[in-house]
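Only one structure is covered here, and it is reproduced in the block below.
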Amino acid sequence: METILSSHSLHPILNPKASISKNLLLPSQQPRPASLFLSKPITCTLKKPTSQSVKPSLAEPRNWFVHAQQGLAALAISLALNFSPVLYTGNAIASEFDVINEGPPKESYVVDDANVLSRVTKSDLKRLLSDLESRKNFHINFITVRKLTSKADAFEYADQVLERWYPTLEEGSNKGIVVLVTSQKEGAVTGGPAFVQAVGENILDATVTENLPVLATEEKYNEAVYSSAKRLVAAIDGLPDPGGPQVKDNKRESNFKSREETEEKRGQFSLVVGGLLVIAFVVPMAQYYAYVSKK
């Protein structure tokens with residue numbers, strides 16, 4: 001960019017020395033300019049300075065404090081992931097309510113919400129219970145849940161399922177409900193009047209007290225469900241009771257010593273401790289006596 005400037009029209013800032021020298025002279029001593037403008041203008045070329053992008057290096061050396069902060073942050077995240085409570089999904093929290101709201105299964109006789117039954121068991125149950133329904137017109141549903149939060153025990157929950165699935169007497173008279181709660185290792189059997197009369201109170205009580213809890217305690221859930229089904233079907237068909245599993249005696253041998261053994265061990269221990277004390281005192285004294293006698 002070219003600009004035409006006069007020598008006297010330049011601002012004093014551009015020529016500080018001339019300005020200062022003029023100010024120091026008296027008015028009478030200051031020379032008067034011959035003309036306000038020079039005949040030949042001064043042409044100067046001002047170049048706009050290129051702005052160089054100065055990028056200061058911001059990389060600072062990492063010190064021990066930065067590393068310590070990163071280590072503490074990583075440790076906090078690890079502890080939060082390891083010790084924070086597990087957040088269950090809606091299906092896991094409200095599984096028992098989902099079973100009630102979804103209604104009875106249409107293509108099978110099993111609602112395995114606890115996911116403990118194998119494919120073979122489900123297939124065997126379908127074959128056994130469909131045959132019973134075709135011959136005797138009795139329908140039995142098996143339900144497995146992980147835990148109960150709405151009811152006190154499996155019996156109340158089984159009654160609630162029966163009422164919701166079959167609200168009228170005509171619908172629920174020949175229906176049976178078998179519930180197995182895996183976390184509590186307990187079960188319940190309920191049904192309509194016709195079902196209860198066909199099975200009998202003795203078989204109902206035996207199934208609840210033998211098949212379901214005993215095998216569930218051993219985590220044999222497939223056997224617990226299928227053996228209960230066979231027992232109920234046999235009762236409806238009027239066949240002999242196949243019986244339930246035998247309760248195993250889990251009595252363990254005691255690891256505690258008897259009083260006589262304790263006294264015997266105590267005497268031996270006293271002899272050993274006394275011998276060690278004698279050795280600890282006598283041997284150093286004998287060594288010292290031998291050392292002094294040589295001198």
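Going through the structure tokens in order, the chains are called A, B, and so on, while each chain numbers its residues from 1 and the ligands are numbered from 1 in the order shown.
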Would you list the contacts of Ala188 (chain A) as a ChimeraX atom specification, taking every protein, DNA or RNA residue within 8 Å and counting only C-alpha atoms, but skipping same-chain residues closer than 4 positions in sequence? /A:154-155,158,178-180,208
With N, CA, C and O atoms retained, export the selected residues as a compact mmCIF listing (two decimals), in the first residue's frame.
# COMPACT_ATOMS: atom_id res chain seq x y z
N ALA A 154 -44.71 -69.25 48.51
CA ALA A 154 -45.10 -69.75 47.19
C ALA A 154 -46.58 -70.07 47.11
O ALA A 154 -47.17 -70.00 46.03
N PHE A 155 -47.22 -70.43 48.23
CA PHE A 155 -48.65 -70.78 48.21
C PHE A 155 -49.51 -69.56 47.86
O PHE A 155 -50.45 -69.66 47.05
N ALA A 158 -49.03 -68.85 44.18
CA ALA A 158 -49.72 -69.82 43.34
C ALA A 158 -51.23 -69.53 43.30
O ALA A 158 -51.86 -69.62 42.24
N VAL A 178 -48.37 -75.36 39.66
CA VAL A 178 -47.21 -75.79 40.46
C VAL A 178 -46.15 -74.70 40.36
O VAL A 178 -45.72 -74.35 39.25
N VAL A 179 -45.73 -74.14 41.49
CA VAL A 179 -44.76 -73.05 41.54
C VAL A 179 -43.50 -73.54 42.23
O VAL A 179 -43.57 -74.17 43.28
N LEU A 180 -42.34 -73.21 41.63
CA LEU A 180 -41.04 -73.52 42.23
C LEU A 180 -40.24 -72.22 42.32
O LEU A 180 -39.99 -71.57 41.31
N VAL A 208 -45.29 -81.18 47.84
CA VAL A 208 -44.78 -79.90 48.32
C VAL A 208 -43.65 -80.09 49.33
O VAL A 208 -42.71 -79.28 49.39
List every residue of region 120-227 of chain A that DSSP, applied to the backbone of this structure, assigns to alpha helix (DSSP H), and report them as number ranges by chain. A: 120-136, 154-165, 169-172, 193-199, 201-206, 212-217, 221-227
I want to know what sits within 9 Å of Val99 (chain A), based on only C-alpha atoms, with residues of the same chain fewer than 6 positions away left out; could you give that as a list in words? Val111, Asp113, Ile143, Val145 and Val161 of chain A
Grab the residues selected above and save them as a PDB file, in the first residue's frame with N, CA and C atoms.
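For reference, part_6.pdb as written:
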ATOM      1  N   VAL A 111     -43.763 -72.185  32.346  1.00  0.00           N
ATOM      2  CA  VAL A 111     -43.254 -70.813  32.329  1.00  0.00           C
ATOM      3  C   VAL A 111     -41.968 -70.817  33.145  1.00  0.00           C
ATOM      4  N   ASP A 113     -39.459 -68.857  34.086  1.00  0.00           N
ATOM      5  CA  ASP A 113     -38.906 -67.511  34.245  1.00  0.00           C
ATOM      6  C   ASP A 113     -37.542 -67.542  34.926  1.00  0.00           C
ATOM      7  N   ILE A 143     -44.528 -73.366  36.934  1.00  0.00           N
ATOM      8  CA  ILE A 143     -43.935 -72.029  36.905  1.00  0.00           C
ATOM      9  C   ILE A 143     -42.679 -72.043  37.770  1.00  0.00           C
ATOM     10  N   VAL A 145     -39.777 -69.355  39.253  1.00  0.00           N
ATOM     11  CA  VAL A 145     -39.375 -67.962  39.442  1.00  0.00           C
ATOM     12  C   VAL A 145     -38.139 -67.934  40.328  1.00  0.00           C
ATOM     13  N   VAL A 161     -51.801 -66.542  41.023  1.00  0.00           N
ATOM     14  CA  VAL A 161     -51.711 -66.898  39.602  1.00  0.00           C
ATOM     15  C   VAL A 161     -52.980 -67.603  39.145  1.00  0.00           C
TER      16      VAL A 161
END
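Neighbours of region 202-205 of chain A closer than or equal to 9 Å, with only C-alpha atoms counted and sequence neighbours fewer than 6 positions away skipped, come out as A:Ala188, A:Val189, A:Thr190, A:Val196, A:Arg231, A:Leu232, A:Ala235, A:Asp241.
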Serialized selection, all heavy atoms, as a PDB file, in the first residue's frame:
ATOM      1  N   ALA A 188     -45.001 -74.888  45.697  1.00  0.00           N
ATOM      2  CA  ALA A 188     -46.401 -74.944  46.100  1.00  0.00           C
ATOM      3  C   ALA A 188     -47.215 -75.545  44.966  1.00  0.00           C
ATOM      4  O   ALA A 188     -46.865 -75.413  43.797  1.00  0.00           O
ATOM      5  CB  ALA A 188     -46.911 -73.546  46.447  1.00  0.00           C
ATOM      6  N   VAL A 189     -48.307 -76.219  45.349  1.00  0.00           N
ATOM      7  CA  VAL A 189     -49.242 -76.801  44.387  1.00  0.00           C
ATOM      8  C   VAL A 189     -50.642 -76.358  44.793  1.00  0.00           C
ATOM      9  O   VAL A 189     -51.048 -76.523  45.943  1.00  0.00           O
ATOM     10  CB  VAL A 189     -49.154 -78.332  44.355  1.00  0.00           C
ATOM     11  CG1 VAL A 189     -50.140 -78.893  43.324  1.00  0.00           C
ATOM     12  CG2 VAL A 189     -47.735 -78.799  44.051  1.00  0.00           C
ATOM     13  N   THR A 190     -51.351 -75.788  43.841  1.00  0.00           N
ATOM     14  CA  THR A 190     -52.724 -75.372  44.079  1.00  0.00           C
ATOM     15  C   THR A 190     -53.539 -75.657  42.824  1.00  0.00           C
ATOM     16  O   THR A 190     -52.994 -75.974  41.768  1.00  0.00           O
ATOM     17  CB  THR A 190     -52.795 -73.874  44.447  1.00  0.00           C
ATOM     18  OG1 THR A 190     -54.119 -73.557  44.857  1.00  0.00           O
ATOM     19  CG2 THR A 190     -52.413 -73.015  43.262  1.00  0.00           C
ATOM     20  N   VAL A 196     -57.990 -80.596  42.855  1.00  0.00           N
ATOM     21  CA  VAL A 196     -57.602 -80.980  44.217  1.00  0.00           C
ATOM     22  C   VAL A 196     -58.244 -82.308  44.602  1.00  0.00           C
ATOM     23  O   VAL A 196     -57.614 -83.171  45.234  1.00  0.00           O
ATOM     24  CB  VAL A 196     -57.995 -79.863  45.206  1.00  0.00           C
ATOM     25  CG1 VAL A 196     -57.750 -80.307  46.640  1.00  0.00           C
ATOM     26  CG2 VAL A 196     -57.212 -78.587  44.895  1.00  0.00           C
ATOM     27  N   ARG A 231     -45.764 -87.551  39.642  1.00  0.00           N
ATOM     28  CA  ARG A 231     -46.508 -87.923  40.848  1.00  0.00           C
ATOM     29  C   ARG A 231     -47.947 -87.428  40.780  1.00  0.00           C
ATOM     30  O   ARG A 231     -48.882 -88.144  41.169  1.00  0.00           O
ATOM     31  CB  ARG A 231     -45.797 -87.354  42.072  1.00  0.00           C
ATOM     32  CG  ARG A 231     -46.184 -88.013  43.379  1.00  0.00           C
ATOM     33  CD  ARG A 231     -45.239 -87.634  44.490  1.00  0.00           C
ATOM     34  NE  ARG A 231     -45.472 -88.422  45.691  1.00  0.00           N
ATOM     35  CZ  ARG A 231     -44.768 -88.325  46.808  1.00  0.00           C
ATOM     36  NH1 ARG A 231     -43.769 -87.451  46.876  1.00  0.00           N
ATOM     37  NH2 ARG A 231     -45.050 -89.085  47.848  1.00  0.00           N
ATOM     38  N   LEU A 232     -48.151 -86.215  40.288  1.00  0.00           N
ATOM     39  CA  LEU A 232     -49.516 -85.682  40.163  1.00  0.00           C
ATOM     40  C   LEU A 232     -50.314 -86.436  39.104  1.00  0.00           C
ATOM     41  O   LEU A 232     -51.506 -86.735  39.302  1.00  0.00           O
ATOM     42  CB  LEU A 232     -49.457 -84.191  39.823  1.00  0.00           C
ATOM     43  CG  LEU A 232     -48.839 -83.271  40.893  1.00  0.00           C
ATOM     44  CD1 LEU A 232     -48.719 -81.845  40.361  1.00  0.00           C
ATOM     45  CD2 LEU A 232     -49.663 -83.293  42.174  1.00  0.00           C
ATOM     46  N   ALA A 235     -51.403 -89.783  40.412  1.00  0.00           N
ATOM     47  CA  ALA A 235     -52.529 -89.665  41.349  1.00  0.00           C
ATOM     48  C   ALA A 235     -53.843 -89.452  40.603  1.00  0.00           C
ATOM     49  O   ALA A 235     -54.875 -90.033  40.970  1.00  0.00           O
ATOM     50  CB  ALA A 235     -52.270 -88.519  42.317  1.00  0.00           C
ATOM     51  N   ASP A 241     -48.597 -94.509  44.012  1.00  0.00           N
ATOM     52  CA  ASP A 241     -47.735 -93.337  44.192  1.00  0.00           C
ATOM     53  C   ASP A 241     -46.282 -93.719  43.942  1.00  0.00           C
ATOM     54  O   ASP A 241     -45.745 -94.608  44.611  1.00  0.00           O
ATOM     55  CB  ASP A 241     -47.918 -92.778  45.604  1.00  0.00           C
ATOM     56  CG  ASP A 241     -47.072 -91.540  45.859  1.00  0.00           C
ATOM     57  OD1 ASP A 241     -46.682 -90.870  44.864  1.00  0.00           O
ATOM     58  OD2 ASP A 241     -46.791 -91.238  47.035  1.00  0.00           O
TER      59      ASP A 241
END
Counting only C-alpha atoms, closest pick from A:Ala206, A:Val214, A:Val233, A:Ile279 relative to Gly176 (chain A) is A:Val233
